[in-house]
Amino acid sequence: MSSDPVSIAVIGGTGFYSFLDEPEEHAVETPYGAPSAPVAVGTVAGRRVAFLPRHGLAHELPPHRINYRANLWALRSLGVTQVLAPCAVGGLRDEVAPGDVVVPDQLVDRTSGRTQSYVETGAVHLPFADPYCPRLSAAVSAADPSVGVGGTMVVIEGPRFSTRAESRHYASQGWSLINMTGHPEAVLAREMRQCYSAIALVTDMDAGVEAGHGVGQEEVFALFRKNLERLKELLTRTIAELPDPRGCSCSTWADGIELTYDVPGADA
């Protein structure tokens, strides 16, 4: 592996299984089992970047079976301190529409049964009022003026889509986006002292928002495929301009706290 540091990672979502040209692949062992795939490492915009497909190389992992803890630990073990996380989302309110790209600023957890922390003993309570790194989100929006900024993403367990009643309820709360993978990924990144920003591509309007048959898998996959090159271009421009993360509260929240789990490389 090159001695150049790997401080930036992209976690690819639905339909996003590769990003780098001629990458080095690394099978990383973690205390939490295997990550979704070997971590690919290459160069983007002159910077060393890691790529990990969230659902596996052939989308073999449904959202509730992804080993989120292994994924974030594996990236951190390679030196990653900044994570860009594209994902497919449904729209819940008319301020978003299919084809929009949004960096949300809030998250609501409606999952069940997922291990959502590295903390297994002791008193370590993560501050999470603002779940996404504002510095990273600003870099994404600066790279493309069409990117929407702000909004709440509710994360459901899946793998099924919502009923109309559920969808209408989420919309009535003022939440604008719905997704199945954003939690606990963002929480675990913060516990790993990583900056993290979701990059949400709206692929459909959710079941309760409009009349019709409701959202289906094929339309989600098709719209994501249609926008894949656009997302890759956005990521490349963002990576080229990412500022130095040192001193960001995404990491400094743990200063002076005795963590009861391992953050690989945190003291390097």
# chains A, B, ... in the order shown; residues from 1 in each chain; ligands from 1
$ residues_around --residues "Pro35 of chain A" --least-positions-apart "2" --cutoff "12 Å" --atoms "only C-alpha atoms" --output "PDB file with all heavy atoms, in the first residue's frame"
ATOM      1  N   ILE A  11     -18.390   6.337   0.917  1.00  0.00           N
ATOM      2  CA  ILE A  11     -19.175   5.112   1.096  1.00  0.00           C
ATOM      3  C   ILE A  11     -20.285   5.146   0.059  1.00  0.00           C
ATOM      4  O   ILE A  11     -21.158   6.006   0.093  1.00  0.00           O
ATOM      5  CB  ILE A  11     -19.765   5.017   2.517  1.00  0.00           C
ATOM      6  CG1 ILE A  11     -18.652   5.014   3.565  1.00  0.00           C
ATOM      7  CG2 ILE A  11     -20.622   3.763   2.648  1.00  0.00           C
ATOM      8  CD1 ILE A  11     -19.156   4.952   5.001  1.00  0.00           C
ATOM      9  N   HIS A  26      -7.896  -3.688  -0.205  1.00  0.00           N
ATOM     10  CA  HIS A  26      -7.384  -4.125   1.088  1.00  0.00           C
ATOM     11  C   HIS A  26      -8.494  -4.800   1.875  1.00  0.00           C
ATOM     12  O   HIS A  26      -9.524  -4.188   2.169  1.00  0.00           O
ATOM     13  CB  HIS A  26      -6.833  -2.930   1.870  1.00  0.00           C
ATOM     14  CG  HIS A  26      -5.769  -2.188   1.117  1.00  0.00           C
ATOM     15  ND1 HIS A  26      -4.453  -2.545   1.149  1.00  0.00           N
ATOM     16  CD2 HIS A  26      -5.855  -1.132   0.261  1.00  0.00           C
ATOM     17  CE1 HIS A  26      -3.755  -1.733   0.361  1.00  0.00           C
ATOM     18  NE2 HIS A  26      -4.588  -0.867  -0.179  1.00  0.00           N
ATOM     19  N   ALA A  27      -8.278  -6.077   2.180  1.00  0.00           N
ATOM     20  CA  ALA A  27      -9.212  -6.805   3.036  1.00  0.00           C
ATOM     21  C   ALA A  27      -8.860  -6.475   4.482  1.00  0.00           C
ATOM     22  O   ALA A  27      -7.822  -6.908   4.983  1.00  0.00           O
ATOM     23  CB  ALA A  27      -9.113  -8.297   2.781  1.00  0.00           C
ATOM     24  N   VAL A  28      -9.695  -5.702   5.126  1.00  0.00           N
ATOM     25  CA  VAL A  28      -9.400  -5.215   6.482  1.00  0.00           C
ATOM     26  C   VAL A  28     -10.138  -6.066   7.504  1.00  0.00           C
ATOM     27  O   VAL A  28     -11.351  -6.252   7.406  1.00  0.00           O
ATOM     28  CB  VAL A  28      -9.819  -3.741   6.629  1.00  0.00           C
ATOM     29  CG1 VAL A  28      -9.485  -3.231   8.025  1.00  0.00           C
ATOM     30  CG2 VAL A  28      -9.150  -2.882   5.562  1.00  0.00           C
ATOM     31  N   GLU A  29      -9.393  -6.587   8.471  1.00  0.00           N
ATOM     32  CA  GLU A  29     -10.011  -7.306   9.580  1.00  0.00           C
ATOM     33  C   GLU A  29     -10.337  -6.312  10.683  1.00  0.00           C
ATOM     34  O   GLU A  29      -9.544  -5.420  10.986  1.00  0.00           O
ATOM     35  CB  GLU A  29      -9.067  -8.383  10.107  1.00  0.00           C
ATOM     36  CG  GLU A  29      -8.763  -9.485   9.098  1.00  0.00           C
ATOM     37  CD  GLU A  29      -7.871 -10.563   9.685  1.00  0.00           C
ATOM     38  OE1 GLU A  29      -7.516 -10.453  10.885  1.00  0.00           O
ATOM     39  OE2 GLU A  29      -7.527 -11.507   8.954  1.00  0.00           O
ATOM     40  N   THR A  30     -11.509  -6.464  11.283  1.00  0.00           N
ATOM     41  CA  THR A  30     -11.917  -5.560  12.353  1.00  0.00           C
ATOM     42  C   THR A  30     -12.381  -6.365  13.564  1.00  0.00           C
ATOM     43  O   THR A  30     -12.740  -7.543  13.434  1.00  0.00           O
ATOM     44  CB  THR A  30     -13.068  -4.627  11.911  1.00  0.00           C
ATOM     45  OG1 THR A  30     -14.326  -5.260  12.151  1.00  0.00           O
ATOM     46  CG2 THR A  30     -12.971  -4.249  10.433  1.00  0.00           C
ATOM     47  N   PRO A  31     -12.426  -5.749  14.743  1.00  0.00           N
ATOM     48  CA  PRO A  31     -12.960  -6.445  15.922  1.00  0.00           C
ATOM     49  C   PRO A  31     -14.454  -6.740  15.818  1.00  0.00           C
ATOM     50  O   PRO A  31     -15.003  -7.450  16.662  1.00  0.00           O
ATOM     51  CB  PRO A  31     -12.689  -5.451  17.067  1.00  0.00           C
ATOM     52  CG  PRO A  31     -11.681  -4.485  16.541  1.00  0.00           C
ATOM     53  CD  PRO A  31     -11.919  -4.412  15.078  1.00  0.00           C
ATOM     54  N   TYR A  32     -15.107  -6.196  14.788  1.00  0.00           N
ATOM     55  CA  TYR A  32     -16.561  -6.310  14.661  1.00  0.00           C
ATOM     56  C   TYR A  32     -16.971  -7.181  13.471  1.00  0.00           C
ATOM     57  O   TYR A  32     -18.142  -7.199  13.090  1.00  0.00           O
ATOM     58  CB  TYR A  32     -17.160  -4.901  14.519  1.00  0.00           C
ATOM     59  CG  TYR A  32     -16.702  -4.000  15.642  1.00  0.00           C
ATOM     60  CD1 TYR A  32     -15.640  -3.115  15.446  1.00  0.00           C
ATOM     61  CD2 TYR A  32     -17.272  -4.077  16.902  1.00  0.00           C
ATOM     62  CE1 TYR A  32     -15.180  -2.323  16.491  1.00  0.00           C
ATOM     63  CE2 TYR A  32     -16.821  -3.290  17.945  1.00  0.00           C
ATOM     64  CZ  TYR A  32     -15.771  -2.415  17.735  1.00  0.00           C
ATOM     65  OH  TYR A  32     -15.312  -1.631  18.778  1.00  0.00           O
ATOM     66  N   GLY A  33     -16.013  -7.911  12.915  1.00  0.00           N
ATOM     67  CA  GLY A  33     -16.310  -8.747  11.772  1.00  0.00           C
ATOM     68  C   GLY A  33     -15.881  -8.082  10.479  1.00  0.00           C
ATOM     69  O   GLY A  33     -15.127  -7.100  10.468  1.00  0.00           O
ATOM     70  N   ALA A  37     -17.142  -4.976   2.047  1.00  0.00           N
ATOM     71  CA  ALA A  37     -16.291  -5.402   0.933  1.00  0.00           C
ATOM     72  C   ALA A  37     -14.860  -5.016   1.268  1.00  0.00           C
ATOM     73  O   ALA A  37     -14.627  -4.232   2.210  1.00  0.00           O
ATOM     74  CB  ALA A  37     -16.741  -4.719  -0.358  1.00  0.00           C
ATOM     75  N   PRO A  38     -13.880  -5.527   0.526  1.00  0.00           N
ATOM     76  CA  PRO A  38     -12.537  -4.976   0.670  1.00  0.00           C
ATOM     77  C   PRO A  38     -12.550  -3.478   0.391  1.00  0.00           C
ATOM     78  O   PRO A  38     -13.302  -3.000  -0.454  1.00  0.00           O
ATOM     79  CB  PRO A  38     -11.732  -5.735  -0.398  1.00  0.00           C
ATOM     80  CG  PRO A  38     -12.495  -7.005  -0.620  1.00  0.00           C
ATOM     81  CD  PRO A  38     -13.941  -6.637  -0.450  1.00  0.00           C
ATOM     82  N   VAL A  39     -11.716  -2.740   1.111  1.00  0.00           N
ATOM     83  CA  VAL A  39     -11.660  -1.295   0.928  1.00  0.00           C
ATOM     84  C   VAL A  39     -10.736  -0.990  -0.246  1.00  0.00           C
ATOM     85  O   VAL A  39      -9.583  -1.432  -0.277  1.00  0.00           O
ATOM     86  CB  VAL A  39     -11.151  -0.593   2.196  1.00  0.00           C
ATOM     87  CG1 VAL A  39     -11.113   0.922   1.984  1.00  0.00           C
ATOM     88  CG2 VAL A  39     -12.033  -0.941   3.390  1.00  0.00           C
ATOM     89  N   ALA A  40     -11.257  -0.259  -1.225  1.00  0.00           N
ATOM     90  CA  ALA A  40     -10.457   0.154  -2.373  1.00  0.00           C
ATOM     91  C   ALA A  40      -9.811   1.502  -2.061  1.00  0.00           C
ATOM     92  O   ALA A  40     -10.450   2.390  -1.497  1.00  0.00           O
ATOM     93  CB  ALA A  40     -11.336   0.264  -3.615  1.00  0.00           C
ATOM     94  N   PHE A  51     -12.602   3.876  -0.861  1.00  0.00           N
ATOM     95  CA  PHE A  51     -13.989   3.674  -1.298  1.00  0.00           C
ATOM     96  C   PHE A  51     -14.491   2.340  -0.762  1.00  0.00           C
ATOM     97  O   PHE A  51     -13.818   1.321  -0.842  1.00  0.00           O
ATOM     98  CB  PHE A  51     -14.107   3.681  -2.820  1.00  0.00           C
ATOM     99  CG  PHE A  51     -15.512   3.411  -3.297  1.00  0.00           C
ATOM    100  CD1 PHE A  51     -16.471   4.420  -3.281  1.00  0.00           C
ATOM    101  CD2 PHE A  51     -15.891   2.148  -3.715  1.00  0.00           C
ATOM    102  CE1 PHE A  51     -17.780   4.173  -3.687  1.00  0.00           C
ATOM    103  CE2 PHE A  51     -17.193   1.888  -4.125  1.00  0.00           C
ATOM    104  CZ  PHE A  51     -18.135   2.907  -4.109  1.00  0.00           C
ATOM    105  N   LEU A  52     -15.716   2.377  -0.218  1.00  0.00           N
ATOM    106  CA  LEU A  52     -16.345   1.171   0.301  1.00  0.00           C
ATOM    107  C   LEU A  52     -17.800   1.137  -0.143  1.00  0.00           C
ATOM    108  O   LEU A  52     -18.564   2.059   0.176  1.00  0.00           O
ATOM    109  CB  LEU A  52     -16.265   1.158   1.833  1.00  0.00           C
ATOM    110  CG  LEU A  52     -16.825  -0.071   2.561  1.00  0.00           C
ATOM    111  CD1 LEU A  52     -16.045  -1.330   2.185  1.00  0.00           C
ATOM    112  CD2 LEU A  52     -16.785   0.146   4.068  1.00  0.00           C
ATOM    113  N   PRO A  53     -18.221   0.103  -0.893  1.00  0.00           N
ATOM    114  CA  PRO A  53     -19.634   0.001  -1.271  1.00  0.00           C
ATOM    115  C   PRO A  53     -20.454  -0.495  -0.077  1.00  0.00           C
ATOM    116  O   PRO A  53     -20.240  -1.594   0.426  1.00  0.00           O
ATOM    117  CB  PRO A  53     -19.622  -1.015  -2.417  1.00  0.00           C
ATOM    118  CG  PRO A  53     -18.416  -1.860  -2.160  1.00  0.00           C
ATOM    119  CD  PRO A  53     -17.414  -0.978  -1.470  1.00  0.00           C
ATOM    120  N   ARG A  54     -21.373   0.317   0.371  1.00  0.00           N
ATOM    121  CA  ARG A  54     -22.132   0.058   1.604  1.00  0.00           C
ATOM    122  C   ARG A  54     -22.854  -1.293   1.565  1.00  0.00           C
ATOM    123  O   ARG A  54     -22.923  -2.013   2.562  1.00  0.00           O
ATOM    124  CB  ARG A  54     -23.138   1.187   1.801  1.00  0.00           C
ATOM    125  CG  ARG A  54     -23.932   1.133   3.078  1.00  0.00           C
ATOM    126  CD  ARG A  54     -24.936   2.273   3.116  1.00  0.00           C
ATOM    127  NE  ARG A  54     -24.319   3.578   3.316  1.00  0.00           N
ATOM    128  CZ  ARG A  54     -24.372   4.568   2.428  1.00  0.00           C
ATOM    129  NH1 ARG A  54     -24.996   4.417   1.270  1.00  0.00           N
ATOM    130  NH2 ARG A  54     -23.798   5.726   2.694  1.00  0.00           N
ATOM    131  N   HIS A  55     -23.426  -1.619   0.413  1.00  0.00           N
ATOM    132  CA  HIS A  55     -24.229  -2.845   0.282  1.00  0.00           C
ATOM    133  C   HIS A  55     -23.430  -4.039  -0.226  1.00  0.00           C
ATOM    134  O   HIS A  55     -24.014  -5.099  -0.496  1.00  0.00           O
ATOM    135  CB  HIS A  55     -25.405  -2.603  -0.666  1.00  0.00           C
ATOM    136  CG  HIS A  55     -26.411  -1.623  -0.150  1.00  0.00           C
ATOM    137  ND1 HIS A  55     -27.398  -1.974   0.746  1.00  0.00           N
ATOM    138  CD2 HIS A  55     -26.578  -0.302  -0.402  1.00  0.00           C
ATOM    139  CE1 HIS A  55     -28.142  -0.902   1.016  1.00  0.00           C
ATOM    140  NE2 HIS A  55     -27.663   0.112   0.332  1.00  0.00           N
ATOM    141  N   GLY A  56     -22.112  -3.890  -0.387  1.00  0.00           N
ATOM    142  CA  GLY A  56     -21.300  -4.950  -0.968  1.00  0.00           C
ATOM    143  C   GLY A  56     -21.104  -4.725  -2.457  1.00  0.00           C
ATOM    144  O   GLY A  56     -21.745  -3.874  -3.082  1.00  0.00           O
ATOM    145  N   LEU A  57     -20.212  -5.507  -3.050  1.00  0.00           N
ATOM    146  CA  LEU A  57     -19.855  -5.315  -4.453  1.00  0.00           C
ATOM    147  C   LEU A  57     -20.985  -5.659  -5.412  1.00  0.00           C
ATOM    148  O   LEU A  57     -21.021  -5.171  -6.540  1.00  0.00           O
ATOM    149  CB  LEU A  57     -18.622  -6.169  -4.788  1.00  0.00           C
ATOM    150  CG  LEU A  57     -17.326  -5.735  -4.088  1.00  0.00           C
ATOM    151  CD1 LEU A  57     -16.231  -6.773  -4.297  1.00  0.00           C
ATOM    152  CD2 LEU A  57     -16.875  -4.372  -4.589  1.00  0.00           C
ATOM    153  N   LEU A  61     -26.036  -7.075   0.432  1.00  0.00           N
ATOM    154  CA  LEU A  61     -26.403  -6.758   1.816  1.00  0.00           C
ATOM    155  C   LEU A  61     -27.592  -5.808   1.855  1.00  0.00           C
ATOM    156  O   LEU A  61     -27.481  -4.655   1.431  1.00  0.00           O
ATOM    157  CB  LEU A  61     -25.220  -6.120   2.546  1.00  0.00           C
ATOM    158  CG  LEU A  61     -23.977  -7.003   2.701  1.00  0.00           C
ATOM    159  CD1 LEU A  61     -22.808  -6.171   3.187  1.00  0.00           C
ATOM    160  CD2 LEU A  61     -24.249  -8.160   3.634  1.00  0.00           C
ATOM    161  N   ARG A  65     -28.845  -5.542   7.301  1.00  0.00           N
ATOM    162  CA  ARG A  65     -27.812  -6.557   7.495  1.00  0.00           C
ATOM    163  C   ARG A  65     -26.401  -6.009   7.249  1.00  0.00           C
ATOM    164  O   ARG A  65     -25.427  -6.755   7.318  1.00  0.00           O
ATOM    165  CB  ARG A  65     -28.064  -7.744   6.565  1.00  0.00           C
ATOM    166  CG  ARG A  65     -29.409  -8.430   6.772  1.00  0.00           C
ATOM    167  CD  ARG A  65     -29.519  -9.069   8.139  1.00  0.00           C
ATOM    168  NE  ARG A  65     -28.620 -10.191   8.283  1.00  0.00           N
ATOM    169  CZ  ARG A  65     -28.422 -10.853   9.415  1.00  0.00           C
ATOM    170  NH1 ARG A  65     -29.053 -10.467  10.525  1.00  0.00           N
ATOM    171  NH2 ARG A  65     -27.590 -11.877   9.466  1.00  0.00           N
ATOM    172  N   ILE A  66     -26.272  -4.728   6.977  1.00  0.00           N
ATOM    173  CA  ILE A  66     -24.956  -4.115   6.788  1.00  0.00           C
ATOM    174  C   ILE A  66     -24.226  -4.060   8.125  1.00  0.00           C
ATOM    175  O   ILE A  66     -24.813  -3.723   9.152  1.00  0.00           O
ATOM    176  CB  ILE A  66     -25.119  -2.694   6.201  1.00  0.00           C
ATOM    177  CG1 ILE A  66     -25.694  -2.768   4.781  1.00  0.00           C
ATOM    178  CG2 ILE A  66     -23.793  -1.946   6.202  1.00  0.00           C
ATOM    179  CD1 ILE A  66     -26.133  -1.423   4.236  1.00  0.00           C
ATOM    180  N   ASN A  67     -22.932  -4.397   8.098  1.00  0.00           N
ATOM    181  CA  ASN A  67     -22.120  -4.332   9.314  1.00  0.00           C
ATOM    182  C   ASN A  67     -21.524  -2.920   9.416  1.00  0.00           C
ATOM    183  O   ASN A  67     -20.370  -2.676   9.084  1.00  0.00           O
ATOM    184  CB  ASN A  67     -21.011  -5.388   9.274  1.00  0.00           C
ATOM    185  CG  ASN A  67     -20.322  -5.557  10.620  1.00  0.00           C
ATOM    186  OD1 ASN A  67     -20.371  -4.681  11.474  1.00  0.00           O
ATOM    187  ND2 ASN A  67     -19.657  -6.685  10.804  1.00  0.00           N
ATOM    188  N   TYR A  68     -22.338  -1.990   9.881  1.00  0.00           N
ATOM    189  CA  TYR A  68     -21.936  -0.586   9.925  1.00  0.00           C
ATOM    190  C   TYR A  68     -20.710  -0.382  10.820  1.00  0.00           C
ATOM    191  O   TYR A  68     -19.838   0.433  10.507  1.00  0.00           O
ATOM    192  CB  TYR A  68     -23.097   0.280  10.422  1.00  0.00           C
ATOM    193  CG  TYR A  68     -24.303   0.285   9.510  1.00  0.00           C
ATOM    194  CD1 TYR A  68     -25.388  -0.564   9.725  1.00  0.00           C
ATOM    195  CD2 TYR A  68     -24.374   1.160   8.431  1.00  0.00           C
ATOM    196  CE1 TYR A  68     -26.500  -0.556   8.894  1.00  0.00           C
ATOM    197  CE2 TYR A  68     -25.490   1.176   7.588  1.00  0.00           C
ATOM    198  CZ  TYR A  68     -26.543   0.313   7.827  1.00  0.00           C
ATOM    199  OH  TYR A  68     -27.642   0.328   7.000  1.00  0.00           O
ATOM    200  N   ARG A  69     -20.660  -1.078  11.941  1.00  0.00           N
ATOM    201  CA  ARG A  69     -19.521  -0.907  12.844  1.00  0.00           C
ATOM    202  C   ARG A  69     -18.220  -1.330  12.167  1.00  0.00           C
ATOM    203  O   ARG A  69     -17.208  -0.631  12.272  1.00  0.00           O
ATOM    204  CB  ARG A  69     -19.731  -1.699  14.146  1.00  0.00           C
ATOM    205  CG  ARG A  69     -20.817  -1.130  15.018  1.00  0.00           C
ATOM    206  CD  ARG A  69     -20.677  -1.551  16.477  1.00  0.00           C
ATOM    207  NE  ARG A  69     -20.766  -3.002  16.662  1.00  0.00           N
ATOM    208  CZ  ARG A  69     -20.628  -3.600  17.844  1.00  0.00           C
ATOM    209  NH1 ARG A  69     -20.391  -2.887  18.941  1.00  0.00           N
ATOM    210  NH2 ARG A  69     -20.748  -4.912  17.949  1.00  0.00           N
ATOM    211  N   ALA A  70     -18.225  -2.460  11.475  1.00  0.00           N
ATOM    212  CA  ALA A  70     -17.017  -2.908  10.778  1.00  0.00           C
ATOM    213  C   ALA A  70     -16.626  -1.918   9.682  1.00  0.00           C
ATOM    214  O   ALA A  70     -15.436  -1.636   9.478  1.00  0.00           O
ATOM    215  CB  ALA A  70     -17.234  -4.300  10.189  1.00  0.00           C
ATOM    216  N   ASN A  71     -17.601  -1.381   8.972  1.00  0.00           N
ATOM    217  CA  ASN A  71     -17.298  -0.457   7.878  1.00  0.00           C
ATOM    218  C   ASN A  71     -16.556   0.790   8.363  1.00  0.00           C
ATOM    219  O   ASN A  71     -15.528   1.177   7.814  1.00  0.00           O
ATOM    220  CB  ASN A  71     -18.591  -0.036   7.170  1.00  0.00           C
ATOM    221  CG  ASN A  71     -19.161  -1.126   6.291  1.00  0.00           C
ATOM    222  OD1 ASN A  71     -18.537  -2.167   6.078  1.00  0.00           O
ATOM    223  ND2 ASN A  71     -20.360  -0.906   5.789  1.00  0.00           N
ATOM    224  N   LEU A  72     -17.093   1.438   9.400  1.00  0.00           N
ATOM    225  CA  LEU A  72     -16.468   2.686   9.868  1.00  0.00           C
ATOM    226  C   LEU A  72     -15.141   2.423  10.554  1.00  0.00           C
ATOM    227  O   LEU A  72     -14.182   3.197  10.409  1.00  0.00           O
ATOM    228  CB  LEU A  72     -17.429   3.440  10.787  1.00  0.00           C
ATOM    229  CG  LEU A  72     -18.443   4.361  10.109  1.00  0.00           C
ATOM    230  CD1 LEU A  72     -17.763   5.431   9.268  1.00  0.00           C
ATOM    231  CD2 LEU A  72     -19.452   3.609   9.261  1.00  0.00           C
ATOM    232  N   TRP A  73     -15.041   1.320  11.294  1.00  0.00           N
ATOM    233  CA  TRP A  73     -13.769   0.975  11.947  1.00  0.00           C
ATOM    234  C   TRP A  73     -12.698   0.681  10.903  1.00  0.00           C
ATOM    235  O   TRP A  73     -11.542   1.115  11.040  1.00  0.00           O
ATOM    236  CB  TRP A  73     -13.956  -0.223  12.878  1.00  0.00           C
ATOM    237  CG  TRP A  73     -12.846  -0.412  13.877  1.00  0.00           C
ATOM    238  CD1 TRP A  73     -12.833   0.008  15.179  1.00  0.00           C
ATOM    239  CD2 TRP A  73     -11.594  -1.077  13.655  1.00  0.00           C
ATOM    240  NE1 TRP A  73     -11.648  -0.352  15.777  1.00  0.00           N
ATOM    241  CE2 TRP A  73     -10.869  -1.019  14.873  1.00  0.00           C
ATOM    242  CE3 TRP A  73     -11.017  -1.716  12.563  1.00  0.00           C
ATOM    243  CZ2 TRP A  73      -9.598  -1.568  15.011  1.00  0.00           C
ATOM    244  CZ3 TRP A  73      -9.741  -2.255  12.694  1.00  0.00           C
ATOM    245  CH2 TRP A  73      -9.053  -2.185  13.909  1.00  0.00           C
ATOM    246  N   ALA A  74     -13.068  -0.060   9.845  1.00  0.00           N
ATOM    247  CA  ALA A  74     -12.105  -0.378   8.788  1.00  0.00           C
ATOM    248  C   ALA A  74     -11.568   0.885   8.133  1.00  0.00           C
ATOM    249  O   ALA A  74     -10.353   1.021   7.894  1.00  0.00           O
ATOM    250  CB  ALA A  74     -12.760  -1.280   7.741  1.00  0.00           C
ATOM    251  N   LEU A  75     -12.445   1.841   7.849  1.00  0.00           N
ATOM    252  CA  LEU A  75     -11.996   3.084   7.233  1.00  0.00           C
ATOM    253  C   LEU A  75     -11.086   3.865   8.176  1.00  0.00           C
ATOM    254  O   LEU A  75     -10.041   4.382   7.770  1.00  0.00           O
ATOM    255  CB  LEU A  75     -13.199   3.925   6.824  1.00  0.00           C
ATOM    256  CG  LEU A  75     -14.071   3.340   5.699  1.00  0.00           C
ATOM    257  CD1 LEU A  75     -15.308   4.207   5.474  1.00  0.00           C
ATOM    258  CD2 LEU A  75     -13.273   3.196   4.401  1.00  0.00           C
TER     259      LEU A  75
END
$ select_by_dssp --residues "segment 91-159 of chain A" --states "alpha helix (DSSP H)" --output "PDB file with N, CA and C atoms, in the first residue's frame"
ATOM      1  N   PRO A 134     -20.869  20.204   9.524  1.00  0.00           N
ATOM      2  CA  PRO A 134     -21.221  21.374   8.706  1.00  0.00           C
ATOM      3  C   PRO A 134     -20.111  21.783   7.752  1.00  0.00           C
ATOM      4  N   ARG A 135     -18.865  21.523   8.124  1.00  0.00           N
ATOM      5  CA  ARG A 135     -17.740  21.858   7.253  1.00  0.00           C
ATOM      6  C   ARG A 135     -17.758  21.007   5.988  1.00  0.00           C
ATOM      7  N   LEU A 136     -17.989  19.703   6.158  1.00  0.00           N
ATOM      8  CA  LEU A 136     -18.083  18.806   4.997  1.00  0.00           C
ATOM      9  C   LEU A 136     -19.295  19.142   4.144  1.00  0.00           C
ATOM     10  N   SER A 137     -20.443  19.371   4.776  1.00  0.00           N
ATOM     11  CA  SER A 137     -21.657  19.691   4.034  1.00  0.00           C
ATOM     12  C   SER A 137     -21.477  20.969   3.225  1.00  0.00           C
ATOM     13  N   ALA A 138     -20.789  21.954   3.806  1.00  0.00           N
ATOM     14  CA  ALA A 138     -20.533  23.203   3.090  1.00  0.00           C
ATOM     15  C   ALA A 138     -19.632  22.966   1.887  1.00  0.00           C
ATOM     16  N   ALA A 139     -18.676  22.062   2.014  1.00  0.00           N
ATOM     17  CA  ALA A 139     -17.788  21.758   0.895  1.00  0.00           C
ATOM     18  C   ALA A 139     -18.565  21.107  -0.251  1.00  0.00           C
ATOM     19  N   VAL A 140     -19.519  20.222   0.092  1.00  0.00           N
ATOM     20  CA  VAL A 140     -20.334  19.572  -0.945  1.00  0.00           C
ATOM     21  C   VAL A 140     -21.183  20.606  -1.676  1.00  0.00           C
ATOM     22  N   SER A 141     -21.854  21.468  -0.925  1.00  0.00           N
ATOM     23  CA  SER A 141     -22.730  22.452  -1.556  1.00  0.00           C
ATOM     24  C   SER A 141     -21.936  23.478  -2.358  1.00  0.00           C
ATOM     25  N   ALA A 142     -20.725  23.802  -1.912  1.00  0.00           N
ATOM     26  CA  ALA A 142     -19.894  24.744  -2.655  1.00  0.00           C
ATOM     27  C   ALA A 142     -19.420  24.164  -3.983  1.00  0.00           C
ATOM     28  N   ALA A 143     -19.330  22.842  -4.042  1.00  0.00           N
ATOM     29  CA  ALA A 143     -18.874  22.195  -5.273  1.00  0.00           C
ATOM     30  C   ALA A 143     -19.923  22.203  -6.369  1.00  0.00           C
TER      31      ALA A 143
END
$ residues_around --residues "segment 244-250 of chain A" --least-positions-apart "4" --cutoff "7 Å" --atoms "only C-alpha atoms" --output "mmCIF file with C-alpha atoms, in the first residue's frame"
data_model
loop_
_atom_site.group_PDB
_atom_site.id
_atom_site.type_symbol
_atom_site.label_atom_id
_atom_site.label_comp_id
_atom_site.auth_asym_id
_atom_site.auth_seq_id
_atom_site.Cartn_x
_atom_site.Cartn_y
_atom_site.Cartn_z
ATOM 1 C CA CYS A 133 -20.344 17.822 9.828
ATOM 2 C CA ARG A 190 -18.893 10.428 15.061
ATOM 3 C CA ARG A 193 -14.072 10.851 15.531
ATOM 4 C CA GLN A 194 -14.717 11.239 11.807
ATOM 5 C CA CYS A 195 -16.347 14.104 9.944
#
$ residues_around --residues "Asn227 of chain A" --least-positions-apart "4" --cutoff "12 Å" --atoms "only C-alpha atoms" --output "ChimeraX atom specification"
/A:14-16,86-88,98-101,200-203,220-223,231-234
$ residues_around --residues "Ala266 of chain A" --least-positions-apart "6" --cutoff "9 Å" --atoms "only C-alpha atoms" --output "CSV table (one decimal) with all heavy atoms, in the first residue's frame"
chain,number,residue,atom,x,y,z
A,76,ARG,N,-11.5,3.9,9.4
A,76,ARG,CA,-10.6,4.7,10.4
A,76,ARG,C,-9.3,4.0,10.5
A,76,ARG,O,-8.2,4.7,10.7
A,76,ARG,CB,-11.4,4.7,11.8
A,76,ARG,CG,-10.6,5.5,12.8
A,76,ARG,CD,-10.6,7.0,12.6
A,76,ARG,NE,-9.4,7.6,13.1
A,76,ARG,CZ,-9.3,8.8,13.6
A,76,ARG,NH1,-10.4,9.5,13.7
A,76,ARG,NH2,-8.2,9.3,14.0
A,79,GLY,N,-6.8,5.4,8.3
A,79,GLY,CA,-6.5,6.8,8.5
A,79,GLY,C,-7.6,7.7,8.2
A,79,GLY,O,-7.4,9.0,8.3
A,192,MET,N,-16.2,7.3,15.9
A,192,MET,CA,-14.8,7.1,15.4
A,192,MET,C,-14.1,8.4,15.2
A,192,MET,O,-13.0,8.4,14.6
A,192,MET,CB,-14.9,6.4,14.0
A,192,MET,CG,-15.1,4.9,14.1
A,192,MET,SD,-13.7,3.9,14.7
A,192,MET,CE,-14.2,3.5,16.4
A,193,ARG,N,-14.7,9.5,15.6
A,193,ARG,CA,-14.1,10.9,15.5
A,193,ARG,C,-13.8,11.3,14.1
A,193,ARG,O,-12.8,11.9,13.7
A,193,ARG,CB,-12.8,10.9,16.4
A,193,ARG,CG,-13.0,10.5,17.8
A,193,ARG,CD,-11.8,10.6,18.7
A,193,ARG,NE,-11.4,12.0,18.9
A,193,ARG,CZ,-10.5,12.4,19.8
A,193,ARG,NH1,-9.9,11.5,20.6
A,193,ARG,NH2,-10.2,13.6,19.9
$ select_by_dssp --residues "segment 8-101 of chain A" --states "strand (DSSP E)" --output "MDAnalysis selection string"
chainID A and resid 8:12 24:26 39:44 47:53 82:91 101
$ atom_distance --atom1 "atom CA of Val6 of chain A" --atom2 "atom CA of Ile239 of chain A"
12.1 Å
$ residues_around --residues "segment 178-182 of chain A" --least-positions-apart "5" --cutoff "6 Å" --atoms "only C-alpha atoms" --output "list in words"
Pro63, Val89, Gly90, Met153, Val154, Val155, Ile156, Glu157 and Gly158 of chain A
$ atom_distance --atom1 "atom CA of Val83 of chain A" --atom2 "atom CA of Tyr118 of chain A"
17.6 Å
